[in-house]
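Written below as structure tokens is the structure these notes are about.
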Amino acid sequence: MSVAFRDQVQRVAQPFDFLKTALDKLIPFFLFLYAVSLLTSMSGMEIFGWGTCLLTVLYILGSLLVARRPRVFTLGCELPLLGLLIVAGLGLYLNAPDADHLAAMGKLRWVVMLYLLAYALALQNNLNRILNTLMIVGTIVACYAIFQHFTGIDLIRGDNRSVTIAPFAGATVYQNTGFLSHHLTYGYSFGMLICFPLAALLLGRRRPIMFRLLCTLSVLLIGLSLLWTYGRGVWMATALAFFVLAAYVSKRHLVAFLVIIGIIGGVLYTGDSGFQERFASMWASNYTSNTDRQDLWRANLAMFQDYPWLGVGYGQNEEILHKYYDKLDIANTFGGHAHNNYLQMLSTTGLLGMICYMLFILSFLLTTHRLWMEVPKTHYWHRVLVLGALGAQVTMHAGGVTQWNFGDAEVNHLFIFILAMIGYLSERYSRGIVPDDYAL
């Protein structure tokens with residue numbers, strides 16, 4: 001390298017070194033605000049989530065300008081995600097030529113966010129702070145949600161439009177939403193979140209008694225708030241996640257979980273008429289919510305049969321739904337998405353898109369399982385993160401049987417952030433020895 005070229009590189013590097021110092025402080029700050037926003041504000045999610053991504057891009061560009069090689073992240077799901085983007089683009093181009101393609105493809109921007117958040121986490125090296133922030137803020141918000149259940153008061157939206165009366169006869173209580181926009185949005189977000197304090201409790205046998213009591217309190221408060229969403233899909237998805245977490249820890253924990261859930265379920269079913277009615281409605285053939293979903297599923301399945309390979313176009317099933325209602329002689333004015341992650345992907349991206357989506361899901365489940373086997377038992381907080389993330393994924397995918405929760409922007413933000421944490425953790429453990437659970 002010539003002296004002149006080296007001097008030029010140094011002149012370019014000087015301002016970036018100043019920018020790097022600023023970014024080293026700004027990125028962790030934005031990540032902290034993003035973690036808080038994930039449980040409190042959709043506007044905050046967009047501002048601080050994409051703000052974090054923008055700052056990360058600036059960091060990467062600055063590194064390239066001064067000939068520093070940025071770390072390259074591979075999360076193990078590159079081919080499925082690339083395939084999903086290609087299939088979505090082709091489906092829109094061929095089968096929905098009049099749709100707003102830019103807006104439709106913009107709904108897949110979470111792919112970019114996943115990688116940039118994983119990179120941002122690598123720059124700030126403070127996973128434990130973020131994990132504890134999520135659990136503490138989540139517990140506080142759950143207290144507010146419980147308050148909503150009894151009062152129906154929405155401190156954010158003055159007209160109380162999102163806090164609705166509980167869906168059973170003679171109800172005088174409400175479906176809580178916390179600071180989020182809908183009881184199911186709250187249910188699936190906090191159904192993922194509760195897995196982390198539960199994991200901390202299940203793995204905390206050697207932790208101080210006060211810590212275990214606080215974890216127990218967190219699980220109880222968030223659990224009550226989930227119960228009072230009255231979301232049947234939320235109940236089933238969360239219960240399945242609890243089952244998986246207990247099974248991963250030990251047979252003893254699994255047996256204890258089955259006994260506890262049996263006792264709690266029995267008490268609620270026999271002692272709470274509202275819970276009993278809501279539980280019984282899961283299989284009621286004359287229940288409006290059930291028949292609406294069945295009509296949506298029939299229509300979306302018909303779309304898939306007409307466009308089996310690429311679907312009707314990503315996000316376009318809502319636009320043509322009533323045409324299929326007419327085609328199938330379905331007398332229903334209820335509209336919207338498919339209320340099922342898997343039928344939504346089948347109808348809008350076809351079999352090819354569905355395969356890509358399932359491979360994406362499977363890749364992260366396998367990565368999480370591998371991390372559980374790989375992270376040493378002495379690394380308590382990393383194991384809490386891995387076990388909690390496993391439960392969060394189970395909640396998301398099980399809940400996706402009755403709801404398009406992957407397409408709910410608020411739920412999707414939290415889910416992608418959890419995957420980014422797992423992606424970062426996996427990348428670091430794959431590169432060598434991690435000395436302790438405070439190193440990341």
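Naming works like this for the structure tokens: A, B, ... for the chains as they're shown, residue 1 at the start of each chain, ligands 1 onward in shown order.
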
Using only C-alpha atoms, which residues sit within 9 Å of Val401 (chain A) once same-chain residues fewer than 6 positions away are excluded, as a short mmCIF file (atom, residue, chain, number, x, y, z; two decimals) with C-alpha atoms, in the first residue's frame?
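The resulting file, out.cif, is shown below:
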```cif
data_model
loop_
_atom_site.label_atom_id
_atom_site.label_comp_id
_atom_site.auth_asym_id
_atom_site.auth_seq_id
_atom_site.Cartn_x
_atom_site.Cartn_y
_atom_site.Cartn_z
CA GLY A 233 -56.55 -19.61 20.13
CA HIS A 339 -57.41 -16.17 9.92
CA ASN A 340 -54.83 -18.93 9.46
CA ASN A 341 -51.12 -18.46 8.72
CA TYR A 342 -50.89 -21.56 6.56
CA LEU A 343 -54.01 -21.01 4.47
#
```

Quick one: which region 245-362 of chain A residues come within 12 Å of region 107-111 of chain A, and what is the nearest atom pair for each with the distance in Å to one decimal, counting only C-alpha atoms, rows ordered by chain and ascending number, as a Markdown table?
```
| residue | atom | partner | partner_atom | distance |
| --- | --- | --- | --- | --- |
| A:Tyr314 | CA | A:Lys107 | CA | 8.8 |
| A:Gly315 | CA | A:Lys107 | CA | 8.3 |
| A:Gln316 | CA | A:Lys107 | CA | 11.7 |
| A:Tyr357 | CA | A:Val111 | CA | 11.8 |
| A:Phe360 | CA | A:Val111 | CA | 10.8 |
```

Output file for the residues above (N, CA and C atoms, as a PDB file, in the first residue's frame):
```pdb
ATOM      1  N   TYR A 314     -49.479 -11.950  -3.205  1.00  0.00           N
ATOM      2  CA  TYR A 314     -49.261 -11.749  -1.774  1.00  0.00           C
ATOM      3  C   TYR A 314     -50.157 -10.633  -1.242  1.00  0.00           C
ATOM      4  N   GLY A 315     -50.995 -10.978  -0.259  1.00  0.00           N
ATOM      5  CA  GLY A 315     -51.890 -10.012   0.360  1.00  0.00           C
ATOM      6  C   GLY A 315     -53.128  -9.679  -0.441  1.00  0.00           C
ATOM      7  N   GLN A 316     -53.361 -10.370  -1.544  1.00  0.00           N
ATOM      8  CA  GLN A 316     -54.485 -10.023  -2.416  1.00  0.00           C
ATOM      9  C   GLN A 316     -55.742 -10.839  -2.154  1.00  0.00           C
ATOM     10  N   TYR A 357     -42.095 -20.723   3.268  1.00  0.00           N
ATOM     11  CA  TYR A 357     -42.494 -20.270   4.606  1.00  0.00           C
ATOM     12  C   TYR A 357     -42.252 -21.354   5.649  1.00  0.00           C
ATOM     13  N   PHE A 360     -38.590 -21.753   6.356  1.00  0.00           N
ATOM     14  CA  PHE A 360     -38.157 -20.640   7.201  1.00  0.00           C
ATOM     15  C   PHE A 360     -38.486 -20.925   8.665  1.00  0.00           C
TER      16      PHE A 360
END
```

> Skipping near chain neighbours, those fewer than 3 positions away, what residues fall within 9 Å of region 396-400 of chain A using only C-alpha atoms, listed as number ranges by chain?
Replying inline: A: 188-189, 191-192, 233-238, 240-241, 339-342, 361, 391-393, 403-406, 411, 415

Write a file of the selected residues as a short mmCIF file (atom, residue, chain, number, x, y, z; two decimals), in the first residue's frame, keeping N, CA, C and O atoms.
```
data_model
loop_
_atom_site.label_atom_id
_atom_site.label_comp_id
_atom_site.auth_asym_id
_atom_site.auth_seq_id
_atom_site.Cartn_x
_atom_site.Cartn_y
_atom_site.Cartn_z
N TYR A 188 -51.32 -12.79 21.50
CA TYR A 188 -50.21 -13.50 20.86
C TYR A 188 -48.86 -12.85 21.19
O TYR A 188 -47.85 -13.55 21.29
N SER A 189 -48.83 -11.54 21.35
CA SER A 189 -47.58 -10.89 21.76
C SER A 189 -47.17 -11.34 23.15
O SER A 189 -46.03 -11.75 23.38
N GLY A 191 -48.41 -13.89 24.77
CA GLY A 191 -48.25 -15.34 24.78
C GLY A 191 -46.83 -15.75 24.44
O GLY A 191 -46.31 -16.75 24.96
N MET A 192 -46.18 -14.99 23.57
CA MET A 192 -44.75 -15.21 23.31
C MET A 192 -43.91 -14.74 24.48
O MET A 192 -42.98 -15.41 24.93
N GLY A 233 -57.79 -19.22 20.80
CA GLY A 233 -56.55 -19.61 20.13
C GLY A 233 -55.34 -19.25 20.96
O GLY A 233 -54.35 -19.99 21.00
N VAL A 234 -55.40 -18.11 21.66
CA VAL A 234 -54.32 -17.70 22.55
C VAL A 234 -54.15 -18.72 23.67
O VAL A 234 -53.02 -19.12 24.00
N TRP A 235 -55.25 -19.14 24.26
CA TRP A 235 -55.18 -20.14 25.35
C TRP A 235 -54.50 -21.42 24.87
O TRP A 235 -53.61 -21.95 25.53
N MET A 236 -54.96 -21.93 23.74
CA MET A 236 -54.43 -23.20 23.25
C MET A 236 -52.95 -23.09 22.87
O MET A 236 -52.15 -23.97 23.19
N ALA A 237 -52.59 -21.99 22.20
CA ALA A 237 -51.20 -21.81 21.77
C ALA A 237 -50.27 -21.67 22.96
O ALA A 237 -49.18 -22.26 23.00
N THR A 238 -50.69 -20.89 23.97
CA THR A 238 -49.85 -20.69 25.15
C THR A 238 -49.72 -21.98 25.95
O THR A 238 -48.63 -22.31 26.46
N LEU A 240 -49.82 -25.01 24.80
CA LEU A 240 -48.91 -25.88 24.07
C LEU A 240 -47.47 -25.45 24.28
O LEU A 240 -46.58 -26.30 24.46
N ALA A 241 -47.22 -24.14 24.28
CA ALA A 241 -45.86 -23.64 24.52
C ALA A 241 -45.38 -24.03 25.92
O ALA A 241 -44.23 -24.46 26.10
N HIS A 339 -57.35 -15.73 8.52
CA HIS A 339 -57.41 -16.17 9.92
C HIS A 339 -56.70 -17.52 10.11
O HIS A 339 -57.12 -18.34 10.92
N ASN A 340 -55.63 -17.71 9.36
CA ASN A 340 -54.83 -18.93 9.46
C ASN A 340 -53.54 -18.67 8.70
O ASN A 340 -53.58 -18.37 7.50
N ASN A 341 -52.40 -18.75 9.38
CA ASN A 341 -51.12 -18.46 8.72
C ASN A 341 -50.89 -19.33 7.50
O ASN A 341 -50.38 -18.87 6.46
N TYR A 342 -51.26 -20.59 7.59
CA TYR A 342 -50.89 -21.56 6.56
C TYR A 342 -51.81 -21.45 5.35
O TYR A 342 -51.34 -21.51 4.20
N ILE A 361 -39.72 -21.36 8.91
CA ILE A 361 -40.13 -21.71 10.28
C ILE A 361 -39.25 -22.83 10.83
O ILE A 361 -38.74 -22.75 11.95
N GLY A 391 -40.39 -21.46 23.14
CA GLY A 391 -41.79 -21.35 23.50
C GLY A 391 -42.50 -20.27 22.71
O GLY A 391 -43.66 -20.44 22.31
N ALA A 392 -41.82 -19.16 22.47
CA ALA A 392 -42.42 -18.07 21.70
C ALA A 392 -42.75 -18.53 20.28
O ALA A 392 -43.81 -18.19 19.73
N GLN A 393 -41.85 -19.29 19.68
CA GLN A 393 -42.11 -19.79 18.33
C GLN A 393 -43.28 -20.77 18.32
O GLN A 393 -44.11 -20.75 17.40
N GLN A 403 -55.48 -17.89 13.44
CA GLN A 403 -55.33 -16.45 13.25
C GLN A 403 -54.14 -16.17 12.35
O GLN A 403 -53.12 -16.88 12.42
N TRP A 404 -54.24 -15.15 11.50
CA TRP A 404 -53.12 -14.70 10.67
C TRP A 404 -52.25 -13.80 11.55
O TRP A 404 -52.09 -12.62 11.32
N ASN A 405 -51.71 -14.39 12.63
CA ASN A 405 -50.93 -13.58 13.57
C ASN A 405 -49.58 -13.16 13.00
O ASN A 405 -49.00 -12.16 13.43
N PHE A 406 -49.07 -13.91 12.03
CA PHE A 406 -47.80 -13.52 11.41
C PHE A 406 -47.97 -12.22 10.62
O PHE A 406 -47.01 -11.48 10.43
N VAL A 411 -47.57 -8.05 16.42
CA VAL A 411 -47.09 -9.39 16.79
C VAL A 411 -45.84 -9.73 15.98
O VAL A 411 -44.86 -10.28 16.51
N PHE A 415 -42.04 -11.01 17.17
CA PHE A 415 -41.58 -12.32 16.71
C PHE A 415 -40.25 -12.20 15.97
O PHE A 415 -39.32 -12.98 16.22
#
```

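Proximity of A:Phe257, A:Phe364, A:Trp228, A:Tyr380 to Tyr424 (chain A), computed with only C-alpha atoms, is greatest for A:Phe364.
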
> Where does DSSP see helix (DSSP H, G or I) in region 10-250 of chain A, if you list the residues as a VMD selection string?
Replying inline: chain A and resid 10 to 37 42 to 65 78 to 95 101 to 106 110 to 124 127 to 151 183 to 193 195 to 202 209 to 227 232 to 249

>> Which residue is closest to Leu365 (chain A)? Choose from A:Ser289, A:Thr402, A:Ser426, A:Gln276 and count only C-alpha atoms.
In response: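 Closest candidate: A:Ser426.
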
>> So the first atom is CA of Gly265 (chain A) and the second is CA of Asp154 (chain A); what is the distance between them in Å, to one decimal place?
In response: 28.8 Å

Interface rows for region 347-380 of chain A against region 246-250 of chain A: nearest pair, Å to one decimal, 12 Å, only C-alpha atoms, as a Markdown table:
```
| residue | atom | partner | partner_atom | distance |
| --- | --- | --- | --- | --- |
| A:Thr368 | CA | A:Tyr248 | CA | 11.9 |
| A:His369 | CA | A:Tyr248 | CA | 9.6 |
| A:Trp372 | CA | A:Tyr248 | CA | 9.0 |
| A:Met373 | CA | A:Tyr248 | CA | 10.3 |
| A:Lys377 | CA | A:Val249 | CA | 11.4 |
```

Output for the residues just chosen: all heavy atoms as a PDB file, in the first residue's frame:
```
ATOM      1  N   THR A 368     -32.904 -23.170  17.141  1.00  0.00           N
ATOM      2  CA  THR A 368     -33.177 -23.000  18.566  1.00  0.00           C
ATOM      3  C   THR A 368     -32.928 -24.304  19.318  1.00  0.00           C
ATOM      4  O   THR A 368     -32.333 -24.301  20.411  1.00  0.00           O
ATOM      5  CB  THR A 368     -34.626 -22.526  18.781  1.00  0.00           C
ATOM      6  OG1 THR A 368     -34.894 -21.389  17.943  1.00  0.00           O
ATOM      7  CG2 THR A 368     -34.853 -22.137  20.228  1.00  0.00           C
ATOM      8  N   HIS A 369     -33.357 -25.422  18.748  1.00  0.00           N
ATOM      9  CA  HIS A 369     -33.116 -26.720  19.382  1.00  0.00           C
ATOM     10  C   HIS A 369     -31.613 -27.008  19.464  1.00  0.00           C
ATOM     11  O   HIS A 369     -31.121 -27.482  20.501  1.00  0.00           O
ATOM     12  CB  HIS A 369     -33.815 -27.822  18.589  1.00  0.00           C
ATOM     13  CG  HIS A 369     -33.495 -29.198  19.074  1.00  0.00           C
ATOM     14  ND1 HIS A 369     -34.031 -29.738  20.231  1.00  0.00           N
ATOM     15  CD2 HIS A 369     -32.652 -30.151  18.564  1.00  0.00           C
ATOM     16  CE1 HIS A 369     -33.546 -30.953  20.410  1.00  0.00           C
ATOM     17  NE2 HIS A 369     -32.714 -31.223  19.420  1.00  0.00           N
ATOM     18  N   TRP A 372     -30.125 -25.057  22.247  1.00  0.00           N
ATOM     19  CA  TRP A 372     -30.466 -25.641  23.554  1.00  0.00           C
ATOM     20  C   TRP A 372     -29.504 -26.772  23.901  1.00  0.00           C
ATOM     21  O   TRP A 372     -29.095 -26.918  25.056  1.00  0.00           O
ATOM     22  CB  TRP A 372     -31.906 -26.137  23.529  1.00  0.00           C
ATOM     23  CG  TRP A 372     -32.297 -26.907  24.752  1.00  0.00           C
ATOM     24  CD1 TRP A 372     -32.466 -28.255  24.884  1.00  0.00           C
ATOM     25  CD2 TRP A 372     -32.556 -26.359  26.053  1.00  0.00           C
ATOM     26  NE1 TRP A 372     -32.822 -28.580  26.168  1.00  0.00           N
ATOM     27  CE2 TRP A 372     -32.882 -27.434  26.914  1.00  0.00           C
ATOM     28  CE3 TRP A 372     -32.548 -25.063  26.572  1.00  0.00           C
ATOM     29  CZ2 TRP A 372     -33.190 -27.255  28.252  1.00  0.00           C
ATOM     30  CZ3 TRP A 372     -32.853 -24.883  27.916  1.00  0.00           C
ATOM     31  CH2 TRP A 372     -33.172 -25.968  28.742  1.00  0.00           C
ATOM     32  N   MET A 373     -29.122 -27.557  22.909  1.00  0.00           N
ATOM     33  CA  MET A 373     -28.199 -28.669  23.139  1.00  0.00           C
ATOM     34  C   MET A 373     -26.759 -28.178  23.285  1.00  0.00           C
ATOM     35  O   MET A 373     -25.939 -28.839  23.928  1.00  0.00           O
ATOM     36  CB  MET A 373     -28.287 -29.660  21.974  1.00  0.00           C
ATOM     37  CG  MET A 373     -29.689 -30.202  21.704  1.00  0.00           C
ATOM     38  SD  MET A 373     -30.413 -31.050  23.128  1.00  0.00           S
ATOM     39  CE  MET A 373     -29.341 -32.483  23.208  1.00  0.00           C
ATOM     40  N   LYS A 377     -24.834 -25.483  30.444  1.00  0.00           N
ATOM     41  CA  LYS A 377     -25.805 -25.277  31.519  1.00  0.00           C
ATOM     42  C   LYS A 377     -25.368 -24.178  32.482  1.00  0.00           C
ATOM     43  O   LYS A 377     -26.198 -23.640  33.229  1.00  0.00           O
ATOM     44  CB  LYS A 377     -26.022 -26.588  32.275  1.00  0.00           C
ATOM     45  CG  LYS A 377     -26.743 -27.642  31.444  1.00  0.00           C
ATOM     46  CD  LYS A 377     -27.048 -28.894  32.251  1.00  0.00           C
ATOM     47  CE  LYS A 377     -27.817 -29.896  31.392  1.00  0.00           C
ATOM     48  NZ  LYS A 377     -28.154 -31.138  32.142  1.00  0.00           N
TER      49      LYS A 377
END
```

>> Env of Val36 (chain A): 8 Å cut, atoms = only C-alpha atoms, seq-sep filter 6 positions within chain, self excluded. Answer as a VMD selection string.
In response: chain A and resid 133 to 134 137

Pull C-alpha atoms from the residues just selected and write them as a tab-separated table (two decimals), in the first residue's frame.
```tsv
chain	number	residue	atom	x	y	z
A	133	THR	CA	-36.31	-5.17	29.83
A	134	LEU	CA	-38.88	-7.27	27.97
A	137	VAL	CA	-41.97	-4.00	31.00
```

>> I'd like the contact shell of Tyr59 (chain A) - 8 Å cut-off, only C-alpha atoms, skipping same-chain residues fewer than 3 positions apart - returned as a list in words.
In response: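 Here the qualifying residues turn out to be Lys20, Leu23, Leu55, Thr56, Gly62 and Ser63 of chain A.
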
Go ahead and save the picked residues with N, CA and C atoms, as an mmCIF file, in the first residue's frame.
```cif
data_model
loop_
_atom_site.group_PDB
_atom_site.id
_atom_site.type_symbol
_atom_site.label_atom_id
_atom_site.label_comp_id
_atom_site.auth_asym_id
_atom_site.auth_seq_id
_atom_site.Cartn_x
_atom_site.Cartn_y
_atom_site.Cartn_z
ATOM 1 N N LYS A 20 -18.612 6.273 14.438
ATOM 2 C CA LYS A 20 -18.681 4.953 15.069
ATOM 3 C C LYS A 20 -18.890 5.095 16.581
ATOM 4 N N LEU A 23 -22.466 5.974 17.043
ATOM 5 C CA LEU A 23 -23.350 4.843 16.743
ATOM 6 C C LEU A 23 -23.256 3.765 17.827
ATOM 7 N N LEU A 55 -29.550 3.126 11.577
ATOM 8 C CA LEU A 55 -28.255 3.346 12.230
ATOM 9 C C LEU A 55 -27.296 2.193 11.931
ATOM 10 N N THR A 56 -27.821 0.990 11.870
ATOM 11 C CA THR A 56 -26.989 -0.177 11.564
ATOM 12 C C THR A 56 -26.463 -0.108 10.135
ATOM 13 N N GLY A 62 -20.196 2.862 6.781
ATOM 14 C CA GLY A 62 -18.970 3.484 7.274
ATOM 15 C C GLY A 62 -17.816 2.506 7.316
ATOM 16 N N SER A 63 -18.118 1.276 7.721
ATOM 17 C CA SER A 63 -17.069 0.247 7.736
ATOM 18 C C SER A 63 -16.532 -0.030 6.344
#
```

Residues within 10 Å of Ser162 (chain A), please, as a CSV table (one decimal) with N, CA and C atoms, in the first residue's frame. Count only C-alpha atoms; anything in the same chain fewer than 4 positions from it doesn't count.
```
chain,number,residue,atom,x,y,z
A,152,GLY,N,-62.6,-1.7,31.9
A,152,GLY,CA,-62.8,-1.3,30.5
A,152,GLY,C,-62.2,0.0,30.1
A,153,ILE,N,-61.3,0.5,30.9
A,153,ILE,CA,-60.7,1.8,30.6
A,153,ILE,C,-59.5,1.7,29.7
A,154,ASP,N,-59.5,2.5,28.6
A,154,ASP,CA,-58.3,2.5,27.7
A,154,ASP,C,-57.7,3.9,27.9
A,156,ILE,N,-55.1,5.0,26.5
A,156,ILE,CA,-54.5,5.5,25.3
A,156,ILE,C,-55.5,6.0,24.3
A,157,ARG,N,-56.6,5.2,24.1
A,157,ARG,CA,-57.6,5.6,23.2
A,157,ARG,C,-58.9,6.0,24.0
A,158,GLY,N,-59.2,7.2,23.9
A,158,GLY,CA,-60.2,7.7,24.8
A,158,GLY,C,-61.6,7.2,24.6
A,175,GLN,N,-62.4,-7.7,27.5
A,175,GLN,CA,-61.2,-8.3,26.9
A,175,GLN,C,-60.1,-7.3,26.9
A,176,ASN,N,-59.1,-7.6,27.7
A,176,ASN,CA,-58.0,-6.6,27.8
A,176,ASN,C,-57.1,-6.6,26.6
A,177,THR,N,-56.5,-5.4,26.3
A,177,THR,CA,-55.6,-5.2,25.1
A,177,THR,C,-54.3,-4.6,25.5
A,178,GLY,N,-54.1,-4.2,26.8
A,178,GLY,CA,-52.9,-3.5,27.2
A,178,GLY,C,-52.8,-2.2,26.4
A,179,PHE,N,-51.6,-2.0,25.9
A,179,PHE,CA,-51.4,-0.8,25.1
A,179,PHE,C,-51.5,-1.1,23.6
A,180,LEU,N,-51.8,-2.3,23.3
A,180,LEU,CA,-51.9,-2.7,21.9
A,180,LEU,C,-53.3,-2.5,21.3
A,181,SER,N,-53.5,-2.9,20.1
A,181,SER,CA,-54.7,-2.4,19.4
A,181,SER,C,-55.9,-3.4,19.4
A,182,HIS,N,-55.6,-4.7,19.9
A,182,HIS,CA,-56.7,-5.7,19.8
A,182,HIS,C,-56.4,-6.8,20.8
A,183,HIS,N,-57.4,-7.4,21.3
A,183,HIS,CA,-57.2,-8.4,22.4
A,183,HIS,C,-56.3,-9.6,21.9
```

>> Neighbouring residues of region 81-98 of chain A were defined as those with any atom within 10 Å, considering only C-alpha atoms; residues of the same chain fewer than 3 positions away were excluded. Please report them as a PyMOL selection string.
In response: chain A and resi 76-78+101-102+104-105+108-109+111+307+309-316+345+348-357+359-360

> Could you pull out the strand (DSSP E or B) residues of region 5-250 of chain A from DSSP and send them as a ChimeraX atom specification?
Replying inline: /A:164-165,174-175

Using N, CA, C and O atoms, can you export the residues from the last selection as a CSV table (one decimal), in the first residue's frame?
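The resulting file, selection-v1.csv, is shown below:
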```
chain,number,residue,atom,x,y,z
A,164,THR,N,-63.2,-4.3,24.4
A,164,THR,CA,-64.6,-4.7,24.2
A,164,THR,C,-65.1,-5.6,25.3
A,164,THR,O,-64.3,-6.2,26.0
A,165,ILE,N,-66.4,-5.6,25.5
A,165,ILE,CA,-67.0,-6.5,26.5
A,165,ILE,C,-66.7,-7.9,26.3
A,165,ILE,O,-66.5,-8.4,25.1
A,174,TYR,N,-64.2,-7.1,30.6
A,174,TYR,CA,-63.7,-6.8,29.3
A,174,TYR,C,-62.6,-7.6,28.8
A,174,TYR,O,-61.8,-8.2,29.6
A,175,GLN,N,-62.4,-7.7,27.5
A,175,GLN,CA,-61.2,-8.3,26.9
A,175,GLN,C,-60.1,-7.3,26.9
A,175,GLN,O,-60.2,-6.3,26.2
```

> Looking at only C-alpha atoms, which of A:Val57, A:Leu268, A:Leu202, A:Ile418 is the one that sits closest to Arg252 (chain A)?
Replying inline: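 With only C-alpha atoms as the atom set, the closest residue is A:Leu202.
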
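With only C-alpha atoms as the atoms that count, the minimum distance from His379 (chain A) to the choices A:Met45, A:Leu19, A:Ala439, A:Ile320 is reached by A:Ala439.
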